[in-house]
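Everything below concerns the one structure shown next.
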Amino acid sequence: MLNWLAHILHWSFLRSGSVQTALLVAGCAAVVCAVIGVFTILRGYAFAGHALGDVSSAGGSASFLLGISPLAGFLGIAGIAAVSLEFLGVRRAREQDVATGIVLGAGIGLSALFLYLDTTTTNTTGTAVTVMFGSMFTFPASLRLPAMMTAAAALIMMAILYRPLLLSMVDPELATTRGISTRWVGLLHLLTLAAAVALAALSVGAVLASALVIGPAGAAVRISRRPGVAILLAMLLGLTAVWGGIWMAYESYYWFAGRAWPVSFFVVTIIFLSYLTSVPLQYVRRRRIVRAMPMAAHAGG
Amino acid sequence: MGAGLYRTRSLARRSHTLRVWSILTSVTVTGLGLAGVVHAKIHAVGVENQYANVIAQIGGKYVQVSAIVSNPNTDPHVFEANPSVAMEVARAQLIVRNGLGYDTWVKKILAAAPNARRQVIVAQQLLGLPENTPNPHLWYKPGTMSKMAAAITAALGKLDPAHVRYFDANVKAFDASLKPWYVAIAGFKAKFGGTPVAVTEPVGDYMLQATGCQIKTPWTLQAAIMNGTDPAPQDVSIQKQLLRRHMVKVFVYNQQVTDPLTASFLHLAEKSHIPVVGVYEIMPTGYSYQRWMLAEVQALRLALTRGISTTVLK
């Protein structure tokens with residue numbers, strides 16, 4: 001048994017410094033994305049989450065130009081984009097997609113400029129691939145602390161927002177009479193979403209960030225509609241995806257004679273498969289509900 | 001001598017000058033009518049500045065050379081051509097480039113502006129290397145530039161038959177000036193052959209092989225750094241062990257293809273007191289091709305004999 005385990009987990013796996021940093025930073029990203037992702041989906045902001053990821057690529061590419069930490073770059077631009085979304089009227093359902101699309105275009109335009117400047121004025125190599133698709137195994141150890149602090153800040157913010165956010169989703173009028181400013185709650189939610197997106201963009205890349213923000217949470221919400229259960233499920237799925245992906249990328253070194261495949265590919269594949277699995281599970285859940293209370297199920301869809 | 005004749009100017013200014021020049025020439029030509037023969041210089045482009053340097057050394061006063069990739073602070077693997085570069089390349093009579101995916105964009109520009117009289121020399125074709133040759137940095141290979149020089153001389157002779165003897169004399173001088181480099185390589189190999197070294201990226205590998213050094217860094221790591229793809233943690237561990245446990249005597253560091261990972265290797269080498277030798281994708285400022293190559297071997301020797309780092313060539 002132990003032999004088998006040692007074979008499965010190549011001994012060097014957990015001893016490698018780059019693997020440890022990748023496990024920690026991507027783990028932080030998965031946990032934060034699980035919590036925020038569930039709310040993002042329940043509020044109907046999945047597209048905004050995707051857009052924030054793409055837009056944050058401008059921050060990632062700018063960080064190489066300025067010589068600052070990529071996390072700071074992703075955080076900065078995602079934060080600015082979140083505020084812009086809120087003020088461009090993302091809350092009015094009809095304008096939401098338009099405003100999001102406008103911010104998305106402007107952000108990616110900036111990335112095009114910054115990536116061009118990166119290649120023509122600096123000696124950095126592979127910036128575009130790193131920013132867009134992530135490069136977990138090149139994380140420096142110095143990234144561990146800032147990543148954990150960002151994750152902690154986002155989780156604390158969600159703990160504070162948990163009840164007001166739920167209430168303003170379920171019953172905005174009741175929330176207002178209780179003195180909750182839906183505008184502030186919405187803005188804080190978007191800012192926390194920006195933090196989650198920054199961590200995800202750092203781990204799996206700006207283009208794939210939405211897979212980590214929306215994917216595990218999307219599968220979890222299909223399986224359970226109760227926010228608490230969905231969050232726990234999303235965490236489980238997210239951690240399985242990132243840690244499993246890191247492990248598979250590590251192992252792929254032995255499969256392909258030293259030409260290991262990128263981590264992001266494995267992470268996103270696991271997320272996609274878990275989402276596919278959630279579809280029949282949702283069907284089973286619905287049937288159970290239908291049997292238990294046919295009236296409510298028909299009325300509620 | 002060649003370095004003096006060879007001038008680099010900013011491309012924007014160049015294309016402007018060229019425009020003014022062509023207007024002036026046409027004015028002069030119409031003014032003089034058929035009174036005299038205007039002898040124009042051959043317009044040549046060395047895509048990478050080391051090739052431009054060799055063209056200038058052979059063509060001398062009868063050639064006007066420009067280099068496209070000449071900034072030692074950027075990575076040539078990801079060079080992007082702009083319209084003024086495309087114009088410059090398209091109107092050149094002689095083009096010398098490396099090949100092997102290093103400057104594929106030139107091929108596209110040339111295909112878009114066909115010219116039967118244009119002479120094109122590609123190092124890859126001249127050396128008969130297949131497209132899947134993993135290491136494109138051919139100018140570090142002893143023998144490459146001598147062959148290139150011969151091809152350049154032949155091409156210049158076709159474009160300007162009146163000065164064939166001048167070009168022949170220059171190429172002889174060029175070949176002779178490569179000797180000190182060859183001697184330095186042979187001397188190093190005789191004395192320090194088998195020296196284990198670590199590298200970041202394969203740029204200097206041909207020269208290291210010629211000097212008999214053993215490159216301990218896994219090829220897959222070198223390729224990942226060169227191509228900007230994700231390195232495998234296993235390879236990174238091997239590289240770190242090489243440096244930390246003093247399993248290599250020299251760390252050869254590519255100054256032009258860097259990322260946080262290569263910076264961490266550099267830091268580790270310095271912490272472990274392993275001498276560093278900086279290598280370049282293209283010729284650093286203030287050098288001629290042959291002096292640059294010689295300086296690299298000398299730096300390697302200095303690192304081994306006295307433990308001195310030459311991180312940046314000056």
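Scheme for the structure tokens: letters A, B, ... for chains in order shown; per-chain residue numbers from 1; ligand numbers from 1 in order shown.
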task = Return as a ChimeraX atom specification the full set of residues in range 53-287 of chain B whose backbone-based DSSP assignment is helix (DSSP H, G or I).
result = /B:53-62,76-78,83-90,104-112,123-126,138-140,144-159,161-192,202-210,219-227,233-244,260-271
Using only C-alpha atoms, what does the table of chain A residues within 9 Å of chain B look like, with each row giving the shortest atom pair and its distance in Å to one decimal, sorted by chain and ascending number, as JSON lines?
```
{"residue": "A:Ser12", "atom": "CA", "partner": "B:Gln234", "partner_atom": "CA", "distance": 7.9}
{"residue": "A:Phe13", "atom": "CA", "partner": "B:Gln234", "partner_atom": "CA", "distance": 8.4}
{"residue": "A:Ser16", "atom": "CA", "partner": "B:Ser237", "partner_atom": "CA", "distance": 6.7}
{"residue": "A:Gly17", "atom": "CA", "partner": "B:Ser237", "partner_atom": "CA", "distance": 8.0}
{"residue": "A:Ser18", "atom": "CA", "partner": "B:Pro233", "partner_atom": "CA", "distance": 6.1}
{"residue": "A:Val19", "atom": "CA", "partner": "B:Pro233", "partner_atom": "CA", "distance": 6.7}
{"residue": "A:Tyr116", "atom": "CA", "partner": "B:Glu80", "partner_atom": "CA", "distance": 8.4}
{"residue": "A:Asp118", "atom": "CA", "partner": "B:Thr74", "partner_atom": "CA", "distance": 8.7}
{"residue": "A:Thr119", "atom": "CA", "partner": "B:Val78", "partner_atom": "CA", "distance": 6.4}
{"residue": "A:Thr120", "atom": "CA", "partner": "B:Thr74", "partner_atom": "CA", "distance": 6.1}
{"residue": "A:Thr121", "atom": "CA", "partner": "B:Thr74", "partner_atom": "CA", "distance": 5.8}
{"residue": "A:Thr122", "atom": "CA", "partner": "B:Thr74", "partner_atom": "CA", "distance": 4.9}
{"residue": "A:Asn123", "atom": "CA", "partner": "B:Thr74", "partner_atom": "CA", "distance": 4.0}
{"residue": "A:Thr124", "atom": "CA", "partner": "B:Thr258", "partner_atom": "CA", "distance": 5.2}
{"residue": "A:Thr125", "atom": "CA", "partner": "B:Gly228", "partner_atom": "CA", "distance": 5.4}
{"residue": "A:Gly126", "atom": "CA", "partner": "B:Gly228", "partner_atom": "CA", "distance": 3.8}
{"residue": "A:Thr127", "atom": "CA", "partner": "B:Gly228", "partner_atom": "CA", "distance": 7.4}
{"residue": "A:Ala128", "atom": "CA", "partner": "B:Gly228", "partner_atom": "CA", "distance": 8.9}
{"residue": "A:Val129", "atom": "CA", "partner": "B:Thr229", "partner_atom": "CA", "distance": 7.1}
{"residue": "A:Thr130", "atom": "CA", "partner": "B:Thr229", "partner_atom": "CA", "distance": 7.8}
{"residue": "A:Gly134", "atom": "CA", "partner": "B:Asp230", "partner_atom": "CA", "distance": 8.5}
{"residue": "A:Ser135", "atom": "CA", "partner": "B:Asp230", "partner_atom": "CA", "distance": 5.7}
{"residue": "A:Met136", "atom": "CA", "partner": "B:Asp230", "partner_atom": "CA", "distance": 7.8}
{"residue": "A:Phe137", "atom": "CA", "partner": "B:Pro233", "partner_atom": "CA", "distance": 6.2}
{"residue": "A:Thr138", "atom": "CA", "partner": "B:Leu261", "partner_atom": "CA", "distance": 5.9}
{"residue": "A:Phe139", "atom": "CA", "partner": "B:Pro260", "partner_atom": "CA", "distance": 8.0}
{"residue": "A:Pro140", "atom": "CA", "partner": "B:Pro260", "partner_atom": "CA", "distance": 7.3}
{"residue": "A:Ala249", "atom": "CA", "partner": "B:Ala232", "partner_atom": "CA", "distance": 8.1}
{"residue": "A:Tyr250", "atom": "CA", "partner": "B:Ala232", "partner_atom": "CA", "distance": 6.9}
{"residue": "A:Tyr253", "atom": "CA", "partner": "B:Ala232", "partner_atom": "CA", "distance": 6.8}
{"residue": "A:Gly258", "atom": "CA", "partner": "B:Thr220", "partner_atom": "CA", "distance": 6.3}
{"residue": "A:Arg259", "atom": "CA", "partner": "B:Thr220", "partner_atom": "CA", "distance": 6.5}
{"residue": "A:Ala260", "atom": "CA", "partner": "B:Ala232", "partner_atom": "CA", "distance": 6.0}
{"residue": "A:Trp261", "atom": "CA", "partner": "B:Asp230", "partner_atom": "CA", "distance": 8.1}
{"residue": "A:Pro262", "atom": "CA", "partner": "B:Asp230", "partner_atom": "CA", "distance": 6.2}
{"residue": "A:Val263", "atom": "CA", "partner": "B:Asp230", "partner_atom": "CA", "distance": 8.2}
```
query = Counting only C-alpha atoms, what is within 7 Å of Ser210 in chain A, bar same-chain residues fewer than 2 positions away, as a ChimeraX atom specification?
reply = /A:49-50,53,208,212-214
Could you write out that same residue set with N, CA and C atoms as a PDB file, in the first residue's frame?
```pdb
ATOM      1  N   GLY A  49     -17.790  38.103 -13.837  1.00  0.00           N
ATOM      2  CA  GLY A  49     -16.635  37.387 -13.287  1.00  0.00           C
ATOM      3  C   GLY A  49     -15.648  37.012 -14.375  1.00  0.00           C
ATOM      4  N   HIS A  50     -16.200  36.544 -15.495  1.00  0.00           N
ATOM      5  CA  HIS A  50     -15.352  36.174 -16.629  1.00  0.00           C
ATOM      6  C   HIS A  50     -14.624  37.405 -17.171  1.00  0.00           C
ATOM      7  N   GLY A  53     -11.687  38.635 -15.141  1.00  0.00           N
ATOM      8  CA  GLY A  53     -10.494  37.810 -15.381  1.00  0.00           C
ATOM      9  C   GLY A  53      -9.755  38.277 -16.616  1.00  0.00           C
ATOM     10  N   LEU A 208      -8.115  31.987 -18.271  1.00  0.00           N
ATOM     11  CA  LEU A 208      -8.743  30.811 -17.672  1.00  0.00           C
ATOM     12  C   LEU A 208      -9.272  31.087 -16.266  1.00  0.00           C
ATOM     13  N   LEU A 212     -11.943  28.911 -12.931  1.00  0.00           N
ATOM     14  CA  LEU A 212     -11.795  28.624 -11.505  1.00  0.00           C
ATOM     15  C   LEU A 212     -12.821  29.394 -10.678  1.00  0.00           C
ATOM     16  N   VAL A 213     -13.185  30.603 -11.112  1.00  0.00           N
ATOM     17  CA  VAL A 213     -14.160  31.396 -10.357  1.00  0.00           C
ATOM     18  C   VAL A 213     -15.557  30.791 -10.515  1.00  0.00           C
ATOM     19  N   ILE A 214     -15.915  30.447 -11.747  1.00  0.00           N
ATOM     20  CA  ILE A 214     -17.286  30.039 -12.041  1.00  0.00           C
ATOM     21  C   ILE A 214     -17.455  28.512 -12.030  1.00  0.00           C
TER      22      ILE A 214
END
```
key: Residues within 9 Å of Tyr275 in chain A, only C-alpha atoms, excluding chain neighbours under 5 positions, as a ChimeraX atom specification   = /A:215-216,218-220,222,270
request  = Check the smallest atom-to-atom distance from each of B:Leu313, B:Ile121, B:Leu138, B:Val164 to Gly59 in chain B using only C-alpha atoms, then report the winner.
outcome  = B:Val164
task = With a distance cut-off of 7 Å and only C-alpha atoms, select the neighbouring residues of Ile282 in chain B, excluding the residue or stretch itself and same-chain residues fewer than 5 positions from it, and output the selection as a list in words.
result =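 What passes the distance filter is Glu48, Asn49, Gln50, Ser70 and Pro72 of chain B.
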For the selection you just gave me, I'd like the residues written to a file as a short mmCIF file (atom, residue, chain, number, x, y, z; two decimals), in the first residue's frame, keeping N, CA and C atoms.
```
data_model
loop_
_atom_site.label_atom_id
_atom_site.label_comp_id
_atom_site.auth_asym_id
_atom_site.auth_seq_id
_atom_site.Cartn_x
_atom_site.Cartn_y
_atom_site.Cartn_z
N GLU B 48 19.79 39.95 -37.84
CA GLU B 48 20.37 40.04 -36.50
C GLU B 48 21.66 40.84 -36.64
N ASN B 49 21.99 41.67 -35.67
CA ASN B 49 23.07 42.62 -35.87
C ASN B 49 24.44 41.97 -36.03
N GLN B 50 24.61 40.69 -35.57
CA GLN B 50 25.91 40.05 -35.79
C GLN B 50 26.13 39.78 -37.29
N SER B 70 18.61 44.62 -33.03
CA SER B 70 19.89 45.10 -32.52
C SER B 70 19.81 45.61 -31.09
N PRO B 72 20.08 44.82 -27.40
CA PRO B 72 20.48 43.72 -26.52
C PRO B 72 19.62 43.60 -25.26
#
```
ask   = Which residue, B:Val106, B:Ala86, B:Met148, B:Ala210, has the smallest gap to Ala190 in chain B when you use only C-alpha atoms?
value =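 Comparing B:Val106, B:Ala86, B:Met148, B:Ala210 against Ala190 in chain B, the winner is B:Ala210.
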ask   = If you count only C-alpha atoms, which residues fall within 10 Å of range 265-278 of chain B, apart from same-chain ones fewer than 2 positions away, as JSON, numbers by chain?
value = {"B": [197, 198, 199, 200, 204, 236, 239, 240, 241, 242, 243, 244, 245, 246, 247, 248, 249, 250, 251, 252, 253, 254, 255, 256, 260, 261, 262, 263, 280, 296, 297, 298, 299, 300, 301, 302, 303, 304, 306, 307, 308, 309, 310, 311, 312, 313]}
task = Give the strand (DSSP E) residues of range 12-254 of chain B, as assigned by DSSP on the backbone, as JSON, numbers by chain.
result = {"B": [42, 43, 44, 45, 46, 47, 48, 63, 64, 65, 66, 67, 68, 69, 94, 95, 96, 97, 119, 120, 121, 122, 196, 197, 198, 199, 214, 215, 250, 251, 252, 253, 254]}
request  = Give the answer as one residue: which of A:Glu86, A:Gly238, A:Tyr254, A:Gly244 has the shortest atom-to-atom distance to Thr182 in chain A, using only C-alpha atoms?
outcome  =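 For Thr182 in chain A, the nearest of the given residues is A:Glu86.
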Close residues, Met158 in chain A itself excluded, 10 Å, only C-alpha atoms, min 3 positions apart in chain, as an NGL selection string = :A and (32 or 35-36 or 39 or 152-155 or 161-163 or 165 or 188-189 or 192-193)
query = From the set A:Ala30, A:Val131, A:Leu88, A:Leu117, which residue has the shortest atom-to-atom contact distance to Ala201 in chain A, counting only C-alpha atoms?
reply =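 Between A:Ala30, A:Val131, A:Leu88, A:Leu117, the residue approaching Ala201 in chain A most closely is A:Val131.
Of the listed residues B:Gln119, B:Asn98, B:Thr305, B:Asn170, the one whose atoms come nearest to Glu281 in chain B is B:Asn98, with distances taken using only C-alpha atoms.
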